[in-house]
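Colleague: Can you read through this structure? Questions will come right after.
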Amino acid sequence: MNFFLATLLTPLLGGLLLGVIRNPKSAAKLNILTSSLTFIFSLFLAFEVLGKDSVHAMQDWFYLDSYNVFLVSLTAFVGMTTTIFSKPYMQHELEIERVNERRMRLYHSMYQLFQFGMLLGFTSNNIGVLWVSLELATLATVLLVSLYRTPAAIAAAWKYFILCGMGIALALFGTILVFFTSSAVLGHGNEALTWSLLYTHASDLDPTVMGIAFCFLMVGYGTKVGLVPMHAWLPDAHGEGPTPVSAVLSGLLLNLALYALVRFKMLVDGSTHSDMAGHIMMGFGMISLLVAAMSLHKQRDIKRMFSFSSIEHMALMTFAFGIGTPLASFAALLHMTVHSLVKSGIFFTVGHAAQIMGTQKMAEIRGLIYHHPGIGWGLLIGTAAIAGFPPFAVFMSEFLLFTATLESYPWLAVPLLLGLLIAMGGLFRFVQPMVYGETAEHAKAVHVNMTPVYIHFALALLLGLAIPSFLSYWYHQAAALITGGIV
Amino acid sequence: MNSLLFQLLQALLMVLLAPLVAGFLSTIKAHLQNRRGAGIMQPWRDIQKLFAKEVVLADHASWIFRFTPYIVFTATLMAASVVPALLVDTPLSLTADVIALVALLALARFFLSLAGMDIGTAFGGMGSSREMTFSALAEPAMLMSVLVLAIGAHSTNITTMITHTLTTPLLIQPSIAFALVAMLMIAVAETGRIPIDNPTTHLELTMIHEAMLLEYSGRHLALMEWASMVKLLLFTTLIIDLFMPWGIASEASLIGIVLALAIWLFKLMGLLIILAVFETSLAKLRLFEVPQYLGTAFVLSFLGLIIHYMLEVSV
Amino acid sequence: MSAPFAQQIIDGMAALTLLISFALLAQHRMLSVLNWFAAQGLLLAATAAVVAYSSGEYELYISAIMTFLLKGLLLPWMLWRVIRKLHVHREVEPIMNSGLTIMIAIAVTLFAFHVVQPIEVTSDLMTRNSMAIATACVLLSMLMMITRKKAITQVIGFLAVENSLFFAAIGATNGMPLVVEIGIAFDVLIAALIFGLFFFQIRNTFDSMEIDTLNASLIHKDEDE
């Protein structure tokens with residue numbers, strides 16, 4: 001059985017099927033089923049790859065190596081837990097009539113199509129198809145962000161659409177530039193867009209063209225990653241969309257964009273033999289980190305607040321990939337994994353909290369721990385985890401990143417630490433009263449399912465205590481691949 | 001010696017032909033509008049009649065007002081006589097520089113505007129101010145458009161530019177097409193034709209060129225009218241020289257020149273017919289739209305310049 | 001068709017593409033913006049066909065036909081219908097006056113030329129010259145998106161960006177591989193459909209097509225009261 005195709009096609013078929021199912025309850029169940037199947041297939045796929053270093057599927061169209069295989073499983077996993085969370089959550093939204101049944105159908109269908117786009121992007125070996133799939137995932141989420149049809153939701157979706165459309169157009173231009181030079185080396189065909197071939201021929205590619213191409217790709221995919229100053233869409237899209245969508249946007253879509261950027265960085269490094277690309281990424285990363293950390297303090301909406309935290313963490317990863325040493329890349333990969341787990345877990349918790357209090361305004365969310373201990377603790381633990389408290393894995397990866405920075409660019413360790421501390425302060429400043437403050441009068445009883453949250457946090461904890469050998473093997477391999485380009 | 005004689009002949013030809021050109025244009029327009037028209041010779045008859053009339057001067061007209069017709073006519077005539085019409089290389093061809101040409105026309109315009117204000121009537125001042133505003137936009141556009149060709153030929157000398165065009169193989173050069181369109185637009189504006197100005201109207205609200213001439217009479221007016229006819233011929237010849245010089249004689253032999261004359265007249269008529277069609281089919285622009293029109297011409301010629309660098313230099 | 005002649009034709013089309021990008025920026029009426037946009041699509045299709053013919057890349061014919069149907073006919077028609085239904089065919093209100101916009105556009109064009117020049121010398125394709133123009137067109141279309149207030153003109157700007165990118169692909173590289181080309185066209189189509197959907201949602205929710213109104217509903221979230 002071809003697990004690769006199974007992983008890829010399950011969400012596509014599921015999405016098409018969900019497009020015709022009218023009953024929201026059975027649709028939610030099918031949604032969970034599809035995502036679970038995808039996850040199981042992706043596990044098998046991971047086992048298949050574990051034996052070898054890389055797997056090519058369907059000639060050269062798809063390619064799995066240690067860099068993307070764990071991301072595939074991670075995507076499928078977070079995708080699955082999100083569906084489990086979304087069932088009671090969206091049921092409640094339906095009951096309070098924020099959505100109707102037709103939009104529920106759209107929601108489920110688009111959710112699976114988004115999954116399909118994500119998996120296609122991660123596994124594709126063709127940088128053109130990578131672009132197409134990222135655009136597909138974006139288009140699917142645009143409809144998801146505007147699901148509530150409130151003025152703010154529509155405005156947010158429009159902003160998201162236009163800004164990301166512009167960004168992604170620049171990325172396509174960068175891709176065209178890469179093709180422009182690679183077609184001279186690899187011939188005028190699909191080969192010239194095939195990443196694995198490009199990687200082996202990287203030193204033949206024209207450094208000037210690749211340098212300019214990277215600038216376009218950086219701004220293009222950087223928009224999607226949410227780097228400052230192209231981040232304007234991100235808080236709005238996260239704040240106004242349904243919570244499951246915020247969770248996957250933060251936990252998954254941003255990863256895919258960063259993944260694409262790093263793939264290109266490998267090519268550019270191999271071609272230019274300089275740190276140019278790395279330095280650009282470090283610059284964007286550092287600025288984004290500081291701006292996001294400070295913006296955190298100004299927020300009043302809980303989901304927007306955590307979306308700025310997402311920008312901050314994506315910035316950390318961008319910075320780490322920019323440093324480019326094996327240690328830094330290892331840290332970035334680990335951070336990518338745990339950030340996805342913890343941040344989606346936090347959004348699940350936040351979603352429930354917002355439903356209980358009937359608002360997303362932080363000033364009106366109070367005393368969660370007395371009213372709903374499960375949610376209160378969840379928010380507290382999640383915030384501790386994302387702020388980088390030991391023993392959670394975020395601490396591990398941030399510590400590794402800090403060490404790597406000290407090793408290569410000691411002076412940058414100061415602003416890095418500063419950014420982390422400011423962000424931590426911002427998080428706790430808001431979370432503490434929400435968890436412990438006086439119990440709010442307007443709290444309602446809502447059916448909640450905290451299991452996915454606990455699973456996510458437990459995994460983050462486990463990774464913080466001990467990284468499984470196969471995962472650390474992949475990290476090491478991928479880190480070597482990422483650093484390999486620099487001579 | 002022979003060519004010097006020829007130079008004089010050409011200047012004479014330009015001056016004598018100019019009223020005929022104006023007459024030709026208005027006849028074509030009359031035909032297009034289903035009128036009979038006054039015939040090709042009508043501008044000649046008008047000029048003759050004006051020369052015979054007495055000059056009426058305003059009481060407080062200064063010397064500027066009296067001298068201006070001669071300055072304008074001479075400047076325009078000088079410009080017209082150095083532009084190669086039939087022969088590429090004439091004794092004065094060294095002075096046939098585009099920038100010098102623009103300067104001569106600017107001199108004429110300067111005095112014309114002064115004269116418009118000299119009497120102190122409202123219309124004269126208004127005409128001068130309009131003329132100056134629009135020429136501030138038209139002149140850079142015209143220079144920019146000529147520059148496109150000049151860069152290719154590495155010279156702003158018209159003779160050199162013609163030689164360059166004649167000796168390079170025929171290519172589709174988008175930059176030149178842009179420059180041509182811009183140049184046509186500017187030529188229409190500079191010679192005061194529809195849609196910018198209307199030489200046959202004296203409607204206060206819209207007139208530009210005519211407003212400055214309102215106080216003139218007799219031989220002064222005749223010279224002014226004549227000068228503007230020469231200017232029309234000058235611009236047509238300039239466009240022919242810059243964009244379609246094929247057929248111009250390269251040496252001063254009789255057969256060559258007769259042939260060149262025939263081809264030149266043919267091209268001239270072609271351009272005039274096109275102009276007549278445009279004038280008939282277009283409505284005059286409102287005044288505040290004129291800067292936009294000239295701006296478009298400027299952008300077009302600028303695009304031509306950029307495109308020249310982008311597409312053609314590295315070829 | 002000999003190679004230099006084909007090159008001249010392609011160069012001419014490149015020049016026209018740049019002209020259309022400027023024209024799109026300078027237009028004031030919604031319908032004329034749309035007409036220019038359609039002209040751009042048709043010109044693209046023609047360019048693709050010429051490149052296909054002269055380079056012998058027969059896959060490009062398919063791209064040319066797709067472009068003709070999608071960008072030359074379908075998208076303009078859809079937008080035209082939207083404009084008619086929403087009654088927004090009046091004046092397009094630019095944020096800046098058009099003279100300033102054009103000045104910026106000229107600066108942007110020079111910038112694009114400056115950036116791309118070192119690239120062009122590295123290629124030996126006969127269409128390489130159009131790279132600078134394609135870059136300029138991409139940036140100009142983005143300028144159009146920035147300087148316009150109405151949602152529909154922003155969308156036309158967005159689609160013009162896509163057009164310029166397609167021009168970059170055919171102009172600079174003789175076209176991307178067909179699979180990618182189809183993927184991109186598919187995405188554009190979906191994007192256009194979503195845009196169409198949005199127009200009506202925006203209209204129903206905000207009773208206006210001005211972007212400022214949209215942003216106003218978000219702004220209060222950023223600021224402290």
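Every chain in the structure tokens takes a letter, A first, then B, and so on in the order presented; its residues are numbered from 1, and the ligands are numbered from 1 following the presented order.
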Could you list, as a list in words, every residue of chain B that has an atom within 10 Å of an atom of chain C, counting only C-alpha atoms?
Modeller: Leu171, Ile172, Gln173, Pro174, Ser175, Ala177, Phe178, Pro291, Gln292, Gly295, Thr296, Val299, Leu300, Phe302, Leu303, Gly304, Ile306, Ile307, His308, Tyr309, Met310, Leu311, Glu312, Val313, Ser314 and Val315 of chain B
Colleague: Could the residues in this selection be saved with N, CA and C atoms as a PDB file, in the first residue's frame?
Modeller:
ATOM      1  N   LEU B 171      14.510  47.869 -37.812  1.00  0.00           N
ATOM      2  CA  LEU B 171      14.104  46.994 -36.717  1.00  0.00           C
ATOM      3  C   LEU B 171      12.782  47.510 -36.170  1.00  0.00           C
ATOM      4  N   ILE B 172      12.064  46.596 -35.525  1.00  0.00           N
ATOM      5  CA  ILE B 172      10.904  47.087 -34.795  1.00  0.00           C
ATOM      6  C   ILE B 172      11.412  47.596 -33.472  1.00  0.00           C
ATOM      7  N   GLN B 173      11.371  48.891 -33.287  1.00  0.00           N
ATOM      8  CA  GLN B 173      11.872  49.439 -32.039  1.00  0.00           C
ATOM      9  C   GLN B 173      10.740  50.092 -31.282  1.00  0.00           C
ATOM     10  N   PRO B 174      10.239  49.415 -30.258  1.00  0.00           N
ATOM     11  CA  PRO B 174       9.099  49.956 -29.522  1.00  0.00           C
ATOM     12  C   PRO B 174       9.388  51.347 -28.976  1.00  0.00           C
ATOM     13  N   SER B 175      10.634  51.590 -28.587  1.00  0.00           N
ATOM     14  CA  SER B 175      10.931  52.884 -27.981  1.00  0.00           C
ATOM     15  C   SER B 175      10.644  54.000 -28.968  1.00  0.00           C
ATOM     16  N   ALA B 177       8.524  53.910 -31.420  1.00  0.00           N
ATOM     17  CA  ALA B 177       7.084  54.055 -31.588  1.00  0.00           C
ATOM     18  C   ALA B 177       6.525  54.944 -30.491  1.00  0.00           C
ATOM     19  N   PHE B 178       6.991  54.721 -29.257  1.00  0.00           N
ATOM     20  CA  PHE B 178       6.533  55.555 -28.140  1.00  0.00           C
ATOM     21  C   PHE B 178       6.915  57.008 -28.386  1.00  0.00           C
ATOM     22  N   PRO B 291      -3.044  69.925 -19.402  1.00  0.00           N
ATOM     23  CA  PRO B 291      -1.849  69.414 -18.720  1.00  0.00           C
ATOM     24  C   PRO B 291      -1.808  67.902 -18.687  1.00  0.00           C
ATOM     25  N   GLN B 292      -2.992  67.286 -18.535  1.00  0.00           N
ATOM     26  CA  GLN B 292      -3.032  65.835 -18.519  1.00  0.00           C
ATOM     27  C   GLN B 292      -2.581  65.258 -19.870  1.00  0.00           C
ATOM     28  N   GLY B 295       1.022  65.716 -20.082  1.00  0.00           N
ATOM     29  CA  GLY B 295       1.648  64.768 -19.160  1.00  0.00           C
ATOM     30  C   GLY B 295       1.710  63.384 -19.771  1.00  0.00           C
ATOM     31  N   THR B 296       0.621  63.002 -20.442  1.00  0.00           N
ATOM     32  CA  THR B 296       0.619  61.703 -21.103  1.00  0.00           C
ATOM     33  C   THR B 296       1.741  61.634 -22.133  1.00  0.00           C
ATOM     34  N   VAL B 299       4.974  61.159 -20.282  1.00  0.00           N
ATOM     35  CA  VAL B 299       5.149  59.798 -19.780  1.00  0.00           C
ATOM     36  C   VAL B 299       5.469  58.846 -20.924  1.00  0.00           C
ATOM     37  N   LEU B 300       4.776  59.044 -22.048  1.00  0.00           N
ATOM     38  CA  LEU B 300       5.015  58.177 -23.196  1.00  0.00           C
ATOM     39  C   LEU B 300       6.464  58.273 -23.652  1.00  0.00           C
ATOM     40  N   PHE B 302       8.944  59.279 -21.932  1.00  0.00           N
ATOM     41  CA  PHE B 302       9.817  58.739 -20.887  1.00  0.00           C
ATOM     42  C   PHE B 302       9.844  57.214 -20.949  1.00  0.00           C
ATOM     43  N   LEU B 303       8.656  56.633 -21.146  1.00  0.00           N
ATOM     44  CA  LEU B 303       8.591  55.171 -21.287  1.00  0.00           C
ATOM     45  C   LEU B 303       9.447  54.724 -22.453  1.00  0.00           C
ATOM     46  N   GLY B 304       9.377  55.514 -23.530  1.00  0.00           N
ATOM     47  CA  GLY B 304      10.192  55.188 -24.691  1.00  0.00           C
ATOM     48  C   GLY B 304      11.663  55.132 -24.315  1.00  0.00           C
ATOM     49  N   ILE B 306      12.962  54.624 -21.273  1.00  0.00           N
ATOM     50  CA  ILE B 306      13.242  53.467 -20.414  1.00  0.00           C
ATOM     51  C   ILE B 306      13.294  52.193 -21.253  1.00  0.00           C
ATOM     52  N   ILE B 307      12.309  52.063 -22.128  1.00  0.00           N
ATOM     53  CA  ILE B 307      12.233  50.856 -22.937  1.00  0.00           C
ATOM     54  C   ILE B 307      13.452  50.737 -23.833  1.00  0.00           C
ATOM     55  N   HIS B 308      13.918  51.883 -24.283  1.00  0.00           N
ATOM     56  CA  HIS B 308      15.121  51.853 -25.102  1.00  0.00           C
ATOM     57  C   HIS B 308      16.266  51.202 -24.328  1.00  0.00           C
ATOM     58  N   TYR B 309      16.401  51.601 -23.066  1.00  0.00           N
ATOM     59  CA  TYR B 309      17.463  51.010 -22.254  1.00  0.00           C
ATOM     60  C   TYR B 309      17.174  49.558 -21.923  1.00  0.00           C
ATOM     61  N   MET B 310      15.912  49.270 -21.598  1.00  0.00           N
ATOM     62  CA  MET B 310      15.566  47.930 -21.155  1.00  0.00           C
ATOM     63  C   MET B 310      15.687  46.911 -22.273  1.00  0.00           C
ATOM     64  N   LEU B 311      15.210  47.280 -23.429  1.00  0.00           N
ATOM     65  CA  LEU B 311      15.063  46.268 -24.465  1.00  0.00           C
ATOM     66  C   LEU B 311      16.106  46.360 -25.564  1.00  0.00           C
ATOM     67  N   GLU B 312      16.589  47.555 -25.853  1.00  0.00           N
ATOM     68  CA  GLU B 312      17.318  47.688 -27.104  1.00  0.00           C
ATOM     69  C   GLU B 312      18.817  47.871 -26.950  1.00  0.00           C
ATOM     70  N   VAL B 313      19.238  48.409 -25.817  1.00  0.00           N
ATOM     71  CA  VAL B 313      20.657  48.705 -25.693  1.00  0.00           C
ATOM     72  C   VAL B 313      21.499  47.434 -25.687  1.00  0.00           C
ATOM     73  N   SER B 314      21.010  46.405 -24.949  1.00  0.00           N
ATOM     74  CA  SER B 314      21.829  45.211 -24.805  1.00  0.00           C
ATOM     75  C   SER B 314      21.756  44.309 -26.027  1.00  0.00           C
ATOM     76  N   VAL B 315      20.851  44.622 -26.967  1.00  0.00           N
ATOM     77  CA  VAL B 315      20.691  43.747 -28.128  1.00  0.00           C
ATOM     78  C   VAL B 315      21.994  43.677 -28.931  1.00  0.00           C
TER      79      VAL B 315
END
Colleague: Give me the residues near Thr76 of chain B as a VMD selection string, where near means some atom within 10 Å (using only C-alpha atoms) and where sequence neighbours in that chain fewer than 3 positions away do not count.
Modeller: chain B and resid 15 70 to 73 79 to 81 101 104 to 109 226 to 231 234
Colleague: Can you tell me which residues surround segment 156-173 of chain C at a distance of at most 7 Å, considering only C-alpha atoms, apart from same-chain residues fewer than 5 positions away, and format the answer as JSON, numbers by chain?
Modeller: {"A": [169, 173, 176, 180], "C": [41, 44, 48, 127, 128, 130, 131, 134, 137, 138, 141, 142, 144, 145]}
Colleague: For atom CA of His209 of chain B and atom CA of Ala189 of chain B, quote the distance in Å rounded to one decimal.
Modeller: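 Rounded to one decimal, the two atoms are 10.7 Å apart.
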Colleague: For a quick test of understanding: name the residues of chain A lying within 7 Å of chain C when counting only C-alpha atoms, and present them as a ChimeraX atom specification.
Modeller: /A:128-129,132,135-136,139,151-152,154-155,169,173,176,180,189-190,208-209,299
Colleague: Residues near segment 48-60 of chain B, anyone? I mean within 6 Å using only C-alpha atoms, not counting same-chain ones fewer than 6 positions away, as an MDAnalysis selection string.
Modeller: chainID B and resid 217:219 222
Colleague: Would you put the residues from that selection into a file with C-alpha atoms, as a short mmCIF file (atom, residue, chain, number, x, y, z; two decimals), in the first residue's frame?
Modeller:
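Result written to result34.cif:
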data_model
loop_
_atom_site.label_atom_id
_atom_site.label_comp_id
_atom_site.auth_asym_id
_atom_site.auth_seq_id
_atom_site.Cartn_x
_atom_site.Cartn_y
_atom_site.Cartn_z
CA SER B 217 -3.29 94.12 -37.37
CA GLY B 218 -1.93 94.72 -40.84
CA ARG B 219 1.53 93.42 -41.72
CA ALA B 222 0.36 88.80 -41.41
#
Colleague: Which is closer to Ile302 of chain A than all the others in A:Gly239, A:Gly117, A:Pro433, A:Pro391, using only C-alpha atoms?
Modeller: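 That would be A:Gly239, the residue with the smallest distance to Ile302 of chain A.
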Colleague: Give me the residues within 7 Å of segment 122-125 of chain A as a PDB file with N, CA and C atoms, in the first residue's frame, counting only C-alpha atoms and dropping any in the same chain fewer than 4 places off.
Modeller:
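Listed below is the output, selection_29.pdb:
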ATOM      1  N   ASP A  60       9.790  11.957  -9.433  1.00  0.00           N
ATOM      2  CA  ASP A  60      10.452  12.960  -8.613  1.00  0.00           C
ATOM      3  C   ASP A  60       9.488  14.000  -8.075  1.00  0.00           C
ATOM      4  N   TRP A  61       8.204  13.776  -8.243  1.00  0.00           N
ATOM      5  CA  TRP A  61       7.251  14.820  -7.897  1.00  0.00           C
ATOM      6  C   TRP A  61       7.211  15.081  -6.409  1.00  0.00           C
ATOM      7  N   PHE A  62       7.358  14.007  -5.626  1.00  0.00           N
ATOM      8  CA  PHE A  62       7.273  14.196  -4.184  1.00  0.00           C
ATOM      9  C   PHE A  62       8.521  13.641  -3.537  1.00  0.00           C
ATOM     10  N   TYR A  63       8.845  14.191  -2.439  1.00  0.00           N
ATOM     11  CA  TYR A  63      10.142  13.939  -1.862  1.00  0.00           C
ATOM     12  C   TYR A  63      10.009  14.078  -0.358  1.00  0.00           C
ATOM     13  N   LEU A  64      10.459  13.042   0.361  1.00  0.00           N
ATOM     14  CA  LEU A  64      10.405  13.112   1.817  1.00  0.00           C
ATOM     15  C   LEU A  64      11.803  12.909   2.350  1.00  0.00           C
ATOM     16  N   ASN A  68      11.253  17.202   6.201  1.00  0.00           N
ATOM     17  CA  ASN A  68       9.803  17.399   6.122  1.00  0.00           C
ATOM     18  C   ASN A  68       8.974  16.254   6.683  1.00  0.00           C
ATOM     19  N   VAL A  72       5.236  16.547   8.325  1.00  0.00           N
ATOM     20  CA  VAL A  72       4.021  15.924   7.802  1.00  0.00           C
ATOM     21  C   VAL A  72       3.239  15.293   8.940  1.00  0.00           C
ATOM     22  N   MET A 118      -1.769  21.811   2.814  1.00  0.00           N
ATOM     23  CA  MET A 118      -0.610  21.771   3.709  1.00  0.00           C
ATOM     24  C   MET A 118       0.270  20.555   3.406  1.00  0.00           C
ATOM     25  N   VAL A 129       4.974  23.650  -7.471  1.00  0.00           N
ATOM     26  CA  VAL A 129       3.810  23.038  -6.829  1.00  0.00           C
ATOM     27  C   VAL A 129       3.732  23.476  -5.368  1.00  0.00           C
ATOM     28  N   LEU A 130       4.884  23.644  -4.756  1.00  0.00           N
ATOM     29  CA  LEU A 130       4.915  24.138  -3.377  1.00  0.00           C
ATOM     30  C   LEU A 130       4.190  25.475  -3.285  1.00  0.00           C
ATOM     31  N   THR A 194      12.646  21.040  -9.642  1.00  0.00           N
ATOM     32  CA  THR A 194      12.660  19.951  -8.675  1.00  0.00           C
ATOM     33  C   THR A 194      13.697  20.241  -7.601  1.00  0.00           C
ATOM     34  N   TRP A 195      13.219  20.300  -6.364  1.00  0.00           N
ATOM     35  CA  TRP A 195      14.085  20.780  -5.304  1.00  0.00           C
ATOM     36  C   TRP A 195      15.307  19.885  -5.113  1.00  0.00           C
ATOM     37  N   SER A 196      15.098  18.562  -5.100  1.00  0.00           N
ATOM     38  CA  SER A 196      16.232  17.670  -4.792  1.00  0.00           C
ATOM     39  C   SER A 196      17.319  17.801  -5.857  1.00  0.00           C
ATOM     40  N   LEU A 256       4.436  26.050   7.321  1.00  0.00           N
ATOM     41  CA  LEU A 256       4.643  25.710   5.912  1.00  0.00           C
ATOM     42  C   LEU A 256       5.382  26.839   5.199  1.00  0.00           C
TER      43      LEU A 256
END
Colleague: With only C-alpha atoms as the counted atoms, please give the residues lying no more than 12 Å from Met218 of chain A, apart from itself and same-chain residues fewer than 6 positions off, as a ChimeraX atom specification.
Modeller: /A:167-175,210-212,224-228,230,257-265,268,276-285,318,322
Colleague: Please identify which residues in segment 98-202 of chain B DSSP calls helix (DSSP H, G or I) from the backbone, and express them as a PyMOL selection string.
Modeller: chain B and resi 98-118+122-153+158-167+174-190
Colleague: Could you write out the selected residues, including C-alpha atoms, as a short mmCIF file (atom, residue, chain, number, x, y, z; two decimals), in the first residue's frame?
Modeller:
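Written output follows (selection-v1.cif):
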data_model
loop_
_atom_site.label_atom_id
_atom_site.label_comp_id
_atom_site.auth_asym_id
_atom_site.auth_seq_id
_atom_site.Cartn_x
_atom_site.Cartn_y
_atom_site.Cartn_z
CA VAL B 98 17.41 69.81 -31.71
CA ILE B 99 18.23 71.74 -28.61
CA ALA B 100 19.05 74.83 -30.64
CA LEU B 101 15.79 74.35 -32.46
CA VAL B 102 13.83 74.20 -29.24
CA ALA B 103 15.70 77.29 -28.08
CA LEU B 104 14.76 79.22 -31.23
CA LEU B 105 11.14 78.31 -30.79
CA ALA B 106 11.34 79.26 -27.12
CA LEU B 107 12.72 82.65 -28.11
CA ALA B 108 9.80 83.23 -30.42
CA ARG B 109 7.40 82.12 -27.73
CA PHE B 110 9.02 84.39 -25.18
CA PHE B 111 8.52 87.48 -27.28
CA LEU B 112 5.06 86.43 -28.28
CA SER B 113 4.05 86.16 -24.65
CA LEU B 114 5.62 89.50 -23.83
CA ALA B 115 3.74 91.09 -26.68
CA GLY B 116 0.53 89.49 -25.47
CA MET B 117 0.96 91.25 -22.14
CA ASP B 118 2.35 94.47 -23.55
CA ALA B 122 -7.15 90.93 -20.22
CA PHE B 123 -7.18 88.50 -23.12
CA GLY B 124 -3.57 89.04 -24.07
CA GLY B 125 -2.39 88.37 -20.53
CA MET B 126 -4.58 85.33 -20.25
CA GLY B 127 -3.28 83.93 -23.52
CA SER B 128 0.32 84.51 -22.47
CA SER B 129 -0.16 82.81 -19.14
CA ARG B 130 -1.79 79.80 -20.76
CA GLU B 131 0.85 79.59 -23.43
CA MET B 132 3.63 79.63 -20.84
CA THR B 133 1.95 77.03 -18.63
CA PHE B 134 1.47 74.59 -21.44
CA SER B 135 4.84 75.13 -23.02
CA ALA B 136 6.49 74.43 -19.67
CA LEU B 137 4.98 70.97 -19.99
CA ALA B 138 5.38 70.52 -23.72
CA GLU B 139 9.03 71.43 -24.04
CA PRO B 140 10.46 68.81 -21.67
CA ALA B 141 8.23 66.22 -23.27
CA MET B 142 9.47 67.17 -26.72
CA LEU B 143 13.10 67.05 -25.64
CA MET B 144 12.54 63.71 -23.92
CA SER B 145 10.98 62.30 -27.05
CA VAL B 146 13.85 63.50 -29.22
CA LEU B 147 16.33 62.15 -26.68
CA VAL B 148 15.11 58.62 -27.32
CA LEU B 149 16.41 58.94 -30.88
CA ALA B 150 19.38 61.02 -29.89
CA ILE B 151 20.66 58.36 -27.52
CA GLY B 152 20.59 55.79 -30.27
CA ALA B 153 22.47 58.14 -32.61
CA ILE B 158 19.43 66.26 -36.72
CA THR B 159 21.72 65.46 -39.63
CA THR B 160 23.62 62.89 -37.59
CA MET B 161 20.37 61.40 -36.36
CA ILE B 162 19.03 61.08 -39.89
CA THR B 163 22.22 59.44 -41.04
CA HIS B 164 22.04 57.03 -38.11
CA THR B 165 18.47 56.05 -38.93
CA LEU B 166 19.32 55.60 -42.60
CA THR B 167 22.37 53.44 -41.97
CA PRO B 174 9.10 49.96 -29.52
CA SER B 175 10.93 52.88 -27.98
CA ILE B 176 10.77 54.80 -31.25
CA ALA B 177 7.08 54.06 -31.59
CA PHE B 178 6.53 55.55 -28.14
CA ALA B 179 8.63 58.57 -29.04
CA LEU B 180 6.71 59.02 -32.27
CA VAL B 181 3.32 58.99 -30.59
CA ALA B 182 4.58 61.43 -27.98
CA MET B 183 6.06 63.66 -30.65
CA LEU B 184 2.82 63.70 -32.63
CA MET B 185 0.90 64.68 -29.53
CA ILE B 186 3.36 67.47 -28.78
CA ALA B 187 3.40 68.70 -32.34
CA VAL B 188 -0.37 69.06 -32.23
CA ALA B 189 -0.09 71.03 -29.01
CA GLU B 190 2.84 73.18 -30.14
#
